[in-house]
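Source file: data.txt (compact mmCIF, C-alpha atoms)
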# COMPACT_ATOMS: atom_id res chain seq x y z
CA MET A 161 139.91 -66.46 -29.80
CA LYS A 162 143.43 -65.09 -29.85
CA THR A 163 145.00 -61.79 -28.95
CA CYS A 164 147.02 -60.06 -31.67
CA THR A 165 150.52 -59.23 -30.50
CA ARG A 166 150.54 -56.22 -32.82
CA CYS A 167 147.30 -54.36 -32.14
CA GLY A 168 146.16 -56.13 -28.96
CA GLU A 169 142.72 -56.95 -30.34
CA THR A 170 141.13 -60.32 -29.59
CA SER A 171 139.49 -62.14 -32.51
CA ASP A 172 139.40 -65.31 -34.61
CA ASN A 173 140.57 -63.48 -37.72
CA PHE A 174 144.18 -64.67 -37.62
CA THR A 175 146.49 -65.76 -40.41
CA PRO A 176 147.70 -69.38 -40.35
CA SER A 177 150.76 -69.86 -38.14
CA LYS A 178 150.79 -66.17 -37.29
CA VAL A 179 150.61 -64.36 -34.00
CA HIS A 180 148.89 -61.27 -35.34
CA CYS A 181 145.53 -60.73 -37.04
CA ARG A 182 144.79 -60.52 -40.76
CA VAL A 183 144.23 -56.76 -40.54
CA CYS A 184 147.75 -56.20 -39.20
CA ASP A 185 149.15 -58.68 -41.72
CA ALA A 186 147.59 -56.67 -44.57
CA LYS A 187 149.05 -53.46 -43.12
CA ASP A 188 152.49 -55.12 -42.99
CA ARG A 189 152.26 -56.13 -46.67
CA ARG A 190 151.33 -52.60 -47.70
CA GLU A 191 154.18 -51.15 -45.65
CA ARG A 192 156.70 -53.62 -47.12
CA ARG A 193 155.67 -52.65 -50.65
CA ALA A 194 155.91 -48.96 -49.80
CA ARG A 195 159.34 -49.42 -48.19
CA LYS A 196 160.56 -51.34 -51.21
CA LYS A 197 159.62 -48.41 -53.47
CA ARG A 198 161.23 -45.89 -51.13
CA ALA A 199 164.38 -47.99 -50.94
CA ILE A 200 165.00 -47.48 -54.65
CA VAL A 201 165.89 -43.84 -54.04
CA ASP A 202 166.60 -43.73 -50.30
CA PRO A 203 169.55 -45.77 -49.00
CA GLN A 204 168.45 -45.13 -45.41
CA GLU A 205 165.26 -47.14 -45.85
CA HIS A 206 165.27 -50.58 -44.13
CA ASP A 207 168.30 -49.54 -42.10
CA TYR A 208 170.56 -49.60 -45.13
CA GLY A 209 173.02 -47.42 -43.29
CA GLN A 210 175.14 -44.65 -44.69
CA ALA A 211 175.65 -44.82 -48.44
CA ASP A 212 177.76 -42.25 -50.21
CA VAL A 213 176.47 -42.17 -53.77
CA PRO A 214 178.88 -40.48 -56.21
CA PRO A 215 177.69 -37.25 -57.85
CA GLY A 216 175.59 -37.91 -60.93
CA TYR A 217 174.54 -41.37 -59.70
CA SER A 218 171.38 -42.66 -58.06
CA ILE A 219 170.38 -45.78 -56.14
CA LYS A 220 169.49 -48.64 -58.47
CA GLY A 221 169.00 -51.35 -55.84
CA VAL A 222 170.18 -52.68 -52.51
CA SER A 223 171.00 -56.23 -51.37
CA GLN A 224 171.49 -57.26 -47.75
CA PHE A 225 172.78 -60.25 -45.85
CA VAL A 226 170.91 -60.53 -42.54
CA GLY A 227 172.03 -62.88 -39.77
CA SER A 228 169.80 -65.10 -37.66
CA ASP A 229 169.76 -62.44 -34.98
CA GLY A 230 168.22 -59.97 -37.43
CA ALA A 231 171.34 -57.84 -37.67
CA ILE A 232 172.65 -56.73 -41.05
CA LYS A 233 175.98 -58.46 -41.70
CA ALA A 234 176.68 -56.99 -45.13
CA GLN A 235 175.00 -54.87 -47.78
CA TRP A 236 175.55 -54.05 -51.45
CA ILE A 237 174.26 -50.77 -52.81
CA LYS A 238 173.97 -50.80 -56.58
CA THR A 239 174.10 -47.47 -58.36
CA ASP A 240 173.52 -46.23 -61.87
CA ARG A 241 173.96 -42.97 -63.70
CA ASP A 242 171.19 -40.57 -62.68
CA LYS A 243 169.09 -40.40 -65.88
CA ASP A 244 167.62 -36.97 -65.18
CA LYS A 245 171.04 -35.54 -64.30
CA ARG A 246 172.60 -37.23 -67.32
CA LEU A 247 169.97 -35.76 -69.64
CA GLU A 248 170.40 -32.30 -68.10
CA GLU A 249 174.16 -32.42 -68.63
CA PHE A 250 173.67 -33.84 -72.12
CA LEU A 251 171.33 -31.02 -73.15
CA LEU A 252 173.59 -28.33 -71.69
CA ALA A 253 176.58 -29.72 -73.59
CA LEU A 254 174.64 -29.81 -76.84
CA LYS A 255 173.30 -26.31 -76.37
CA ASP A 256 176.89 -25.12 -75.97
CA MET A 257 177.83 -26.97 -79.14
CA ALA A 258 174.80 -25.52 -80.94
CA GLU A 259 175.99 -21.97 -80.21
CA ASP A 260 178.36 -22.34 -83.15
CA TYR A 261 175.28 -22.70 -85.37
CA ARG A 262 173.28 -19.82 -83.88
CA GLY A 263 171.62 -17.86 -86.65
CA ILE A 264 173.65 -19.70 -89.29
CA VAL A 265 170.67 -19.60 -91.67
CA LYS A 266 170.26 -16.17 -93.17
CA PRO A 267 166.78 -14.79 -93.93
CA THR A 268 165.56 -15.08 -97.50
CA LEU A 269 162.88 -13.34 -99.51
CA ALA A 270 159.49 -15.01 -99.60
CA PRO A 271 158.46 -16.33 -103.03
CA GLY A 272 155.18 -14.45 -102.76
CA ALA A 273 152.30 -16.92 -102.99
CA ASP A 274 149.64 -16.05 -105.55
CA LEU A 275 146.04 -15.41 -104.55
CA ASN A 276 145.00 -19.02 -105.15
CA ALA A 277 147.62 -20.21 -102.67
CA GLN A 278 146.99 -17.75 -99.83
CA ASP A 279 144.28 -19.91 -98.26
CA ASN A 280 146.21 -23.19 -98.47
CA MET A 281 148.53 -24.93 -96.03
CA THR A 282 150.63 -27.94 -97.03
CA VAL A 283 151.17 -30.52 -94.26
CA VAL A 284 153.93 -33.11 -94.69
CA PRO A 285 153.79 -35.70 -91.87
CA ILE A 286 157.11 -37.58 -91.58
CA GLY A 287 156.23 -40.98 -90.17
CA ASP A 288 158.75 -42.78 -87.92
CA ALA A 289 161.85 -42.18 -90.06
CA HIS A 290 164.11 -44.14 -87.66
CA MET A 291 167.28 -42.32 -88.73
CA GLY A 292 170.27 -44.42 -87.76
CA MET A 293 168.51 -47.79 -88.03
CA HIS A 294 170.44 -50.63 -89.64
CA ALA A 295 168.72 -53.41 -91.57
CA TRP A 296 170.34 -56.10 -93.73
CA ALA A 297 168.28 -57.24 -96.74
CA PRO A 298 168.98 -61.01 -96.46
CA GLU A 299 167.73 -60.86 -92.88
CA THR A 300 164.91 -58.32 -93.11
CA GLY A 301 163.94 -58.20 -96.79
CA ALA A 302 165.23 -54.66 -97.36
CA SER A 303 168.41 -52.80 -96.55
CA TYR A 304 168.35 -49.59 -94.54
CA ASP A 305 171.08 -47.41 -93.14
CA LEU A 306 171.82 -43.75 -92.48
CA LYS A 307 172.64 -42.97 -96.12
CA ILE A 308 169.49 -44.65 -97.43
CA ALA A 309 167.31 -42.98 -94.80
CA GLU A 310 168.59 -39.53 -95.69
CA ALA A 311 168.24 -40.09 -99.46
CA VAL A 312 164.69 -41.48 -99.48
CA THR A 313 163.35 -38.97 -96.95
CA VAL A 314 164.69 -35.92 -98.77
CA GLN A 315 163.67 -37.19 -102.21
CA GLY A 316 160.23 -38.24 -100.99
CA ILE A 317 159.51 -34.80 -99.54
CA ALA A 318 160.94 -33.04 -102.60
CA SER A 319 158.69 -35.08 -104.88
CA LEU A 320 155.64 -34.31 -102.73
CA LEU A 321 156.30 -30.57 -102.62
CA ASP A 322 156.70 -30.54 -106.39
CA SER A 323 153.28 -32.15 -106.87
CA CYS A 324 151.14 -30.50 -104.19
CA PRO A 325 148.80 -27.60 -104.94
CA LYS A 326 150.40 -24.22 -104.29
CA ALA A 327 150.20 -22.99 -100.72
CA ALA A 328 151.45 -20.03 -98.70
CA HIS A 329 152.13 -22.07 -95.55
CA CYS A 330 153.98 -25.39 -95.19
CA ALA A 331 154.01 -27.49 -92.01
CA ILE A 332 156.73 -30.15 -91.69
CA VAL A 333 155.37 -32.55 -89.09
CA ASN A 334 157.66 -35.16 -87.53
CA VAL A 335 155.32 -37.56 -85.70
CA GLY A 336 158.10 -39.06 -83.57
CA ASP A 337 160.70 -41.83 -83.69
CA TYR A 338 162.58 -39.72 -86.20
CA PHE A 339 165.73 -41.26 -84.70
CA HIS A 340 166.07 -45.00 -84.11
CA ALA A 341 168.15 -44.76 -80.92
CA ASP A 342 168.22 -42.19 -78.14
CA GLY A 343 171.83 -41.10 -77.72
CA ASP A 344 175.12 -42.91 -77.59
CA ARG A 345 174.13 -46.26 -76.06
CA GLY A 346 172.32 -47.69 -79.08
CA THR A 347 169.04 -48.14 -77.21
CA THR A 348 165.55 -46.67 -77.19
CA THR A 349 164.67 -44.15 -74.51
CA LYS A 350 163.70 -46.92 -72.08
CA GLY A 351 166.90 -48.84 -72.79
CA THR A 352 165.86 -51.49 -75.33
CA PRO A 353 168.87 -52.36 -77.55
CA VAL A 354 168.35 -51.67 -81.28
CA ASP A 355 170.40 -52.17 -84.43
CA VAL A 356 172.10 -48.88 -85.26
CA ASP A 357 174.23 -47.57 -88.12
CA GLY A 358 176.92 -45.15 -87.07
CA ARG A 359 177.84 -43.13 -84.00
CA TRP A 360 175.11 -40.91 -82.58
CA PRO A 361 176.76 -37.55 -83.49
CA LYS A 362 176.83 -38.73 -87.10
CA VAL A 363 173.16 -39.74 -86.88
CA LEU A 364 172.25 -36.38 -85.34
CA GLN A 365 174.08 -34.53 -88.11
CA ALA A 366 172.28 -36.58 -90.77
CA GLY A 367 168.92 -35.90 -89.11
CA LEU A 368 169.67 -32.18 -89.03
CA SER A 369 170.75 -32.27 -92.65
CA VAL A 370 167.43 -33.79 -93.73
CA PHE A 371 165.50 -31.08 -91.92
CA ARG A 372 167.73 -28.33 -93.26
CA LYS A 373 167.13 -29.50 -96.82
CA THR A 374 163.41 -29.98 -96.20
CA ILE A 375 162.95 -26.54 -94.64
CA ASP A 376 164.96 -24.85 -97.39
CA MET A 377 162.93 -26.60 -100.10
CA SER A 378 159.73 -25.48 -98.36
CA LEU A 379 160.94 -21.89 -98.06
CA ALA A 380 161.55 -21.79 -101.81
CA THR A 381 157.87 -22.38 -102.56
CA HIS A 382 156.03 -21.21 -99.41
CA ASP A 383 155.96 -17.88 -97.60
CA LYS A 384 155.90 -19.50 -94.14
CA VAL A 385 157.20 -22.78 -92.72
CA THR A 386 156.25 -24.42 -89.41
CA VAL A 387 158.23 -27.35 -87.98
CA VAL A 388 156.90 -29.74 -85.32
CA CYS A 389 159.04 -32.52 -83.84
CA ALA A 390 157.02 -34.85 -81.62
CA THR A 391 158.86 -37.02 -79.11
CA GLY A 392 158.69 -40.78 -79.70
CA ASN A 393 159.40 -43.82 -77.57
CA HIS A 394 162.68 -44.36 -79.46
CA ASP A 395 163.96 -40.78 -79.28
CA ALA A 396 162.30 -38.83 -76.45
CA GLN A 397 165.56 -37.05 -75.60
CA ILE A 398 167.35 -36.59 -78.90
CA SER A 399 164.19 -35.27 -80.59
CA VAL A 400 164.23 -32.38 -78.08
CA ILE A 401 167.80 -31.70 -79.13
CA LEU A 402 166.73 -31.73 -82.78
CA SER A 403 164.05 -29.06 -82.34
CA THR A 404 166.33 -26.99 -80.06
CA MET A 405 169.15 -26.94 -82.59
CA LEU A 406 166.81 -26.16 -85.48
CA ALA A 407 165.38 -23.22 -83.52
CA ILE A 408 168.89 -21.89 -82.88
CA MET A 409 169.90 -22.31 -86.52
CA TYR A 410 166.80 -20.58 -87.93
CA GLU A 411 166.36 -17.87 -85.31
CA ARG A 412 167.25 -15.16 -87.87
CA GLU A 413 164.74 -16.43 -90.42
CA PRO A 414 161.33 -14.88 -89.54
CA ARG A 415 159.56 -17.09 -92.07
CA VAL A 416 160.37 -20.25 -90.07
CA PHE A 417 158.72 -21.22 -86.78
CA ILE A 418 160.18 -24.19 -84.87
CA ASP A 419 157.84 -25.58 -82.20
CA THR A 420 160.06 -26.31 -79.18
CA ALA A 421 157.25 -26.86 -76.66
CA PRO A 422 158.31 -29.65 -74.24
CA THR A 423 155.03 -31.54 -74.53
CA LYS A 424 153.71 -34.75 -76.07
CA HIS A 425 150.94 -32.91 -77.93
CA HIS A 426 151.39 -30.11 -80.48
CA TYR A 427 148.91 -28.04 -82.46
CA ILE A 428 148.72 -25.94 -85.64
CA ARG A 429 145.75 -23.67 -86.33
CA HIS A 430 144.85 -22.81 -89.93
CA GLY A 431 141.60 -20.90 -90.19
CA ALA A 432 138.76 -23.37 -89.64
CA CYS A 433 141.28 -26.24 -89.41
CA LEU A 434 143.02 -27.54 -86.29
CA VAL A 435 145.90 -30.00 -86.66
CA GLY A 436 147.17 -32.05 -83.72
CA VAL A 437 150.49 -33.93 -83.66
CA THR A 438 151.59 -36.65 -81.26
CA HIS A 439 153.53 -39.90 -81.58
CA GLY A 440 150.78 -42.16 -80.30
CA ASP A 441 152.78 -44.16 -77.76
CA THR A 442 151.00 -42.61 -74.76
CA GLY A 443 147.25 -42.83 -74.35
CA LYS A 444 144.67 -44.26 -76.69
CA PRO A 445 143.44 -42.79 -79.99
CA ALA A 446 139.96 -42.46 -78.49
CA ASP A 447 141.40 -40.09 -75.84
CA LEU A 448 142.84 -37.63 -78.37
CA PRO A 449 139.60 -35.75 -79.16
CA LEU A 450 139.12 -34.70 -75.53
CA ILE A 451 142.82 -33.94 -75.17
CA MET A 452 142.59 -31.56 -78.13
CA ALA A 453 139.37 -29.99 -76.83
CA GLY A 454 140.92 -29.48 -73.40
CA ASP A 455 144.30 -28.19 -74.60
CA ARG A 456 142.87 -25.86 -77.25
CA ALA A 457 139.37 -24.99 -76.09
CA ASP A 458 139.18 -21.70 -78.03
CA ASP A 459 140.61 -23.23 -81.21
CA TRP A 460 138.24 -26.19 -80.88
CA ALA A 461 135.26 -23.85 -80.60
CA ASN A 462 136.30 -21.90 -83.69
CA THR A 463 137.21 -24.76 -86.04
CA ILE A 464 135.21 -27.41 -87.86
CA HIS A 465 137.98 -29.46 -89.54
CA ARG A 466 140.17 -31.25 -86.98
CA ILE A 467 142.75 -34.00 -87.33
CA TRP A 468 145.44 -35.78 -85.34
CA TYR A 469 148.54 -37.00 -87.18
CA THR A 470 150.19 -39.84 -85.26
CA GLY A 471 152.75 -42.60 -85.92
CA HIS A 472 154.17 -45.40 -83.78
CA VAL A 473 152.41 -48.34 -85.49
CA HIS A 474 154.04 -47.86 -88.95
CA HIS A 475 150.82 -48.48 -90.87
CA ASP A 476 147.84 -46.45 -92.06
CA THR A 477 144.76 -46.19 -89.88
CA VAL A 478 141.99 -43.59 -90.05
CA LYS A 479 139.11 -43.29 -87.62
CA ASP A 480 136.53 -40.57 -87.20
CA TYR A 481 135.66 -39.71 -83.62
CA ARG A 482 133.24 -37.06 -82.44
CA GLY A 483 134.65 -33.83 -83.76
CA VAL A 484 138.05 -35.06 -84.94
CA THR A 485 139.75 -37.61 -87.20
CA VAL A 486 142.71 -39.59 -85.83
CA GLU A 487 145.13 -40.86 -88.45
CA THR A 488 148.36 -42.83 -88.21
CA VAL A 489 150.81 -42.53 -91.08
CA ARG A 490 153.20 -44.98 -92.66
CA THR A 491 156.97 -44.76 -92.69
CA LEU A 492 159.56 -44.94 -95.46
CA ALA A 493 161.72 -47.17 -93.25
CA PRO A 494 161.49 -50.96 -93.65
CA ALA A 495 161.04 -53.24 -90.66
CA ASP A 496 164.14 -54.01 -88.62
CA LYS A 497 165.21 -57.48 -87.52
CA TRP A 498 163.00 -57.56 -84.41
CA HIS A 499 159.84 -56.41 -86.20
CA VAL A 500 160.38 -58.85 -89.06
CA GLY A 501 160.83 -61.65 -86.54
CA GLN A 502 157.58 -60.67 -84.85
CA GLY A 503 155.74 -60.87 -88.17
CA TYR A 504 155.11 -57.16 -88.67
CA ARG A 505 154.71 -56.06 -92.28
CA SER A 506 153.52 -52.72 -93.69
CA SER A 507 153.80 -50.71 -96.88
CA GLN A 508 156.24 -47.80 -97.06
CA ASP A 509 155.20 -44.35 -98.21
CA ILE A 510 155.04 -40.66 -97.34
CA LYS A 511 152.14 -38.26 -97.88
CA ALA A 512 151.38 -34.55 -98.08
CA ASP A 513 147.99 -32.98 -97.47
CA THR A 514 146.70 -29.58 -98.53
CA TRP A 515 144.36 -27.86 -96.07
CA HIS A 516 142.14 -24.97 -97.14
CA VAL A 517 141.49 -22.27 -94.57
CA GLN A 518 137.72 -22.76 -94.97
CA PHE A 519 137.07 -26.10 -96.69
CA GLY A 520 139.47 -28.35 -94.76
CA ARG A 521 141.56 -31.02 -96.48
CA ILE A 522 141.23 -30.62 -100.24
CA SER A 523 144.13 -32.69 -101.58
CA ARG A 524 146.45 -35.59 -100.77
CA VAL A 525 149.60 -36.62 -102.64
CA THR A 526 151.42 -39.90 -101.91
CA ARG A 527 154.82 -41.25 -102.85
CA ASN A 528 155.63 -44.88 -102.06
CA ILE A 529 159.10 -46.30 -101.66
CA ILE A 530 159.14 -47.81 -105.17
CA GLN A 531 158.45 -44.46 -106.78
CA ILE A 532 161.07 -42.74 -104.65
CA ASP A 533 163.71 -45.37 -105.42
CA GLN A 534 163.05 -44.99 -109.16
CA GLU A 535 163.31 -41.21 -108.91
CA LEU A 536 166.65 -41.56 -107.12
CA GLN A 537 167.90 -43.90 -109.84
CA ARG A 538 166.95 -41.42 -112.55
CA ILE A 539 168.75 -38.62 -110.70
CA LYS A 540 171.88 -40.76 -110.48
CA GLY A 541 171.64 -41.40 -114.21

As structure tokens - that is how I would like this structure written.
Amino acid sequence: MKTCTRCGETSDNFTPSKVHCRVCDAKDRRERRARKKRAIVDPQEHDYGQADVPPGYSIKGVSQFVGSDGAIKAQWIKTDRDKDKRLEEFLLALKDMAEDYRGIVKPTLAPGADLNAQDNMTVVPIGDAHMGMHAWAPETGASYDLKIAEAVTVQGIASLLDSCPKAAHCAIVNVGDYFHADGDRGTTTKGTPVDVDGRWPKVLQAGLSVFRKTIDMSLATHDKVTVVCATGNHDAQISVILSTMLAIMYEREPRVFIDTAPTKHHYIRHGACLVGVTHGDTGKPADLPLIMAGDRADDWANTIHRIWYTGHVHHDTVKDYRGVTVETVRTLAPADKWHVGQGYRSSQDIKADTWHVQFGRISRVTRNIIQIDQELQRIKG
């Protein structure tokens, strides 16, 4: 029997070569882990002393040199740009820049959908466009850059709209990862380096141009246009900028609604149809039915045709769950160097669905990358 020097209890439950019991040892381990987490943001933790962190920076890590007497001889406090502060400043700067575009799009007259089109809604899900990605054909099997991305996306959507049944409402649905990199560092949102083509302002302008052309084409044949831009794991920040700038640009056009809700899950109601949009990088597909039912309880109760459009995996999957179908859509972008090296392969296409206010999905039109490339060649002559 021994007496613990920490709690004073007498027992045989001691750790090897220790002077305190296993219960106190477990408490110490939990406290060390908790202190380590607190030390990431608090320089005072573990007696780190006074640390003056420059404005706009946060604690990234701390290293110490401790002498044999237990006293701290030296310490190094590592800092990094505060991501939340950086994003806040970034968004404020872009909103100021966007003021020059406020209401730049003037309202236009609706084409006036005929009676057969009044009950229809066209949905065009844009799957993982990866604007700004760079791929070299000898290395990846297909070339891809900003110019190619803009050309194939616009032509693909134009071809779909020309072939779909007539509809009064058009929903342009960006399922996320519309941009390949998130800002000016050439990385995903979490900081993974990716191959990029061009400076980020140029990429942002190209992405805006594609949406401008797509929205204008939709307005020419539909009375109403809805735009949803889901946030992806590649572009969680810049996709917010995209929807914000589009909302500012089209604020004078009453026929256009830009969904700027700062959420991972978006919804469009069309009569007995309920459409959900999310990227698919958070949560599991099997969780989406209950998420939809919880987020839109009234809409769920008053609809019978329900679908989730998602992306992220770059290939087609369709699965029926209780009450809702979850579908992932393909992309027009080829695989980049990393994905090719990992063995990923998928076909490239873009689709458009027609949803009837009562009957649900009644039509689907598809254009694959080969068709789109041939159409572009014919246009060039």

Note to self: Within 12 Å of (166.8, -37.4, -107.4) in the file's own coordinates, which protein, DNA or RNA residues have an atom, counting only C-alpha atoms? List them as a VMD selection string.
What the structure shows: chain A and resid 311 to 319 531 to 541

Item checked: Atomic separation - CA of Thr438 in chain A relative to CA of Ser378 in chain A, Å ->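 Calculated distance between CA of Ser378 in chain A and CA of Thr438 in chain A is 22.0 Å.
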
Note to self: Given only C-alpha atoms as the basis, pick out the residue of A:Trp236, A:Phe417, A:Trp468, A:Phe371 nearest to Val486 in chain A.
What the structure shows: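 Distance minimum relative to Val486 in chain A lands on A:Trp468.
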
Next item on the list: Can you work out the spacing between CA of Arg415 in chain A and CA of Asp337 in chain A in Å, to one decimal?
Entry: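 According to the coordinates, CA of Arg415 in chain A and CA of Asp337 in chain A are separated by 26.1 Å.
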
Note to self: Need to verify the contact set: Gly471 in chain A, 8 Å, all atoms listed in the file, exclusion of same-chain residues closer than 4 positions in sequence. Can you return it as a ChimeraX atom specification?
What the structure shows: /A:287-288,335-336,438-440,475,488-490

Please fill the gaps in range 295-314 of chain A so it has N, CA and C atoms, and write that as a CSV table (one decimal), keeping the file's coordinate frame.
chain,number,residue,atom,x,y,z
A,295,ALA,N,169.4,-52.2,-91.2
A,295,ALA,CA,168.7,-53.4,-91.6
A,295,ALA,C,169.5,-54.0,-92.7
A,296,TRP,N,169.6,-55.4,-92.7
A,296,TRP,CA,170.3,-56.1,-93.7
A,296,TRP,C,169.3,-56.9,-94.5
A,297,ALA,N,169.3,-56.7,-95.9
A,297,ALA,CA,168.3,-57.2,-96.7
A,297,ALA,C,168.1,-58.7,-96.6
A,298,PRO,N,169.2,-59.6,-96.6
A,298,PRO,CA,169.0,-61.0,-96.5
A,298,PRO,C,168.3,-61.4,-95.2
A,299,GLU,N,168.3,-60.6,-94.2
A,299,GLU,CA,167.7,-60.9,-92.9
A,299,GLU,C,166.3,-60.2,-92.7
A,300,THR,N,166.1,-59.1,-93.3
A,300,THR,CA,164.9,-58.3,-93.1
A,300,THR,C,164.1,-58.1,-94.4
A,301,GLY,N,164.7,-58.4,-95.5
A,301,GLY,CA,163.9,-58.2,-96.8
A,301,GLY,C,164.3,-56.9,-97.5
A,302,ALA,N,164.9,-55.9,-96.8
A,302,ALA,CA,165.2,-54.7,-97.4
A,302,ALA,C,166.4,-54.1,-96.6
A,303,SER,N,167.3,-53.5,-97.2
A,303,SER,CA,168.4,-52.8,-96.6
A,303,SER,C,168.0,-51.4,-96.1
A,304,TYR,N,168.6,-50.9,-95.0
A,304,TYR,CA,168.4,-49.6,-94.5
A,304,TYR,C,169.5,-49.2,-93.7
A,305,ASP,N,170.0,-48.0,-94.0
A,305,ASP,CA,171.1,-47.4,-93.1
A,305,ASP,C,170.9,-45.9,-93.2
A,306,LEU,N,171.9,-45.2,-92.6
A,306,LEU,CA,171.8,-43.8,-92.5
A,306,LEU,C,171.8,-43.1,-93.8
A,307,LYS,N,172.6,-43.6,-94.8
A,307,LYS,CA,172.6,-43.0,-96.1
A,307,LYS,C,171.3,-43.2,-96.9
A,308,ILE,N,170.8,-44.4,-96.8
A,308,ILE,CA,169.5,-44.6,-97.4
A,308,ILE,C,168.4,-43.8,-96.8
A,309,ALA,N,168.4,-43.7,-95.5
A,309,ALA,CA,167.3,-43.0,-94.8
A,309,ALA,C,167.3,-41.5,-95.2
A,310,GLU,N,168.5,-40.9,-95.3
A,310,GLU,CA,168.6,-39.5,-95.7
A,310,GLU,C,168.1,-39.3,-97.1
A,311,ALA,N,168.6,-40.2,-98.0
A,311,ALA,CA,168.2,-40.1,-99.5
A,311,ALA,C,166.7,-40.2,-99.7
A,312,VAL,N,166.1,-41.3,-99.2
A,312,VAL,CA,164.7,-41.5,-99.5
A,312,VAL,C,163.8,-40.4,-98.8
A,313,THR,N,164.2,-40.0,-97.6
A,313,THR,CA,163.4,-39.0,-97.0
A,313,THR,C,163.4,-37.6,-97.7
A,314,VAL,N,164.6,-37.2,-98.1
A,314,VAL,CA,164.7,-35.9,-98.8
A,314,VAL,C,164.0,-36.0,-100.1
